[in-house]
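Undergrad: First, the structure itself, so that you have it in front of you.
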Amino acid sequence: MDEKQNNVEKDRSSFKNILSKPLFKTDSKTIQYSGLGISLVVTILVFFFIGKWLDGKFDTGVLFTLLLTFIGFGGGFYSFYLSVKKLTEKDKIGNPK
């Protein structure tokens with residue numbers, strides 16, 4: 001009986017190890033930088049669709065769509081800039097060449 005329980009526990013722990021491993025290495029520069037681009041696009045699109053919804057609700061033409069799209073672009077680009085700056089500083093510390 002104890003042998004069966006030990007085998008079940010080993011199977012659970014190996015299954016847990018498989019599920020807990022990440023699919024991608026988080027220190028991969030390609031994934032980090034592409035994630036920044038995706039974040040920028042998603043931010044702009046979220047603000048764009050909120051603006052479209054507000055224009056439909058208040059019947060204001062394209063006022064909110066344009067305004068919120070520019071705000072989304074500005075905020076997204078600022079976040080993008082800060083993240084790239086942070087990543088390049090980390091890279092300089094890691095590779096002092």
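Identifiers in this document derive from the order of the structure tokens: chains are assigned A, B, ..., residues are numbered from 1 separately in each chain, and ligands are numbered from 1 in order of occurrence.
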Within 7 Å of region 31-40 of chain A, counting only C-alpha atoms, which residues qualify if same-chain residues fewer than 5 places away don't, as a PyMOL selection string?

TA: chain A and resi 76-77+80

Undergrad: Write a file of the just-selected residues containing C-alpha atoms, as a PDB file, in the first residue's frame.

TA:
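Result file result07.pdb:
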ATOM      1  CA  GLY A  76       1.197  53.781 -24.155  1.00  0.00           C
ATOM      2  CA  PHE A  77       4.248  55.316 -25.781  1.00  0.00           C
ATOM      3  CA  PHE A  80       6.894  51.837 -23.803  1.00  0.00           C
TER       4      PHE A  80
END

Undergrad: In Å to one decimal, how far is CA of Thr30 (chain A) from CA of Ile44 (chain A)?

TA: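 Separation between CA of Ile44 (chain A) and CA of Thr30 (chain A): 21.6 Å.
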
Undergrad: Do you have the CA of Leu66 (chain A)-CA of Ser79 (chain A) distance handy?

TA: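 Pair CA of Leu66 (chain A) / CA of Ser79 (chain A) returns 19.8 Å.
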
Undergrad: May I ask for the distance between CA of Asn95 (chain A) and CA of Lys29 (chain A), given in Å to one decimal place?

TA: 13.4 Å

Undergrad: Near region 51-56 of chain A, counting only C-alpha atoms, which residues have an atom at most 12 Å away, once you skip same-chain residues fewer than 2 positions from it, shown as number ranges by chain?

TA: A: 44-49, 58-72

Undergrad: Produce a file of the selected residues containing C-alpha atoms, as a PDB file, in the first residue's frame.

TA:
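result-v3.pdb was written with the following content:
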ATOM      1  CA  ILE A  44      -4.164  52.320 -28.053  1.00  0.00           C
ATOM      2  CA  LEU A  45      -6.954  49.957 -29.107  1.00  0.00           C
ATOM      3  CA  VAL A  46      -8.598  49.968 -25.668  1.00  0.00           C
ATOM      4  CA  PHE A  47      -8.715  53.764 -25.625  1.00  0.00           C
ATOM      5  CA  PHE A  48      -9.921  53.806 -29.243  1.00  0.00           C
ATOM      6  CA  PHE A  49     -12.852  51.486 -28.516  1.00  0.00           C
ATOM      7  CA  PHE A  58     -23.336  60.843 -26.481  1.00  0.00           C
ATOM      8  CA  ASP A  59     -23.632  61.283 -30.292  1.00  0.00           C
ATOM      9  CA  THR A  60     -20.512  63.473 -30.525  1.00  0.00           C
ATOM     10  CA  GLY A  61     -19.181  62.378 -33.918  1.00  0.00           C
ATOM     11  CA  VAL A  62     -15.538  61.372 -33.545  1.00  0.00           C
ATOM     12  CA  LEU A  63     -14.565  63.695 -30.692  1.00  0.00           C
ATOM     13  CA  PHE A  64     -14.024  61.078 -27.983  1.00  0.00           C
ATOM     14  CA  THR A  65     -12.544  58.573 -30.430  1.00  0.00           C
ATOM     15  CA  LEU A  66      -9.803  60.968 -31.513  1.00  0.00           C
ATOM     16  CA  LEU A  67      -9.205  62.380 -28.051  1.00  0.00           C
ATOM     17  CA  LEU A  68      -8.935  59.031 -26.303  1.00  0.00           C
ATOM     18  CA  THR A  69      -6.889  57.482 -29.124  1.00  0.00           C
ATOM     19  CA  PHE A  70      -4.293  60.240 -28.750  1.00  0.00           C
ATOM     20  CA  ILE A  71      -4.341  59.883 -24.958  1.00  0.00           C
ATOM     21  CA  GLY A  72      -3.910  56.113 -25.341  1.00  0.00           C
TER      22      GLY A  72
END
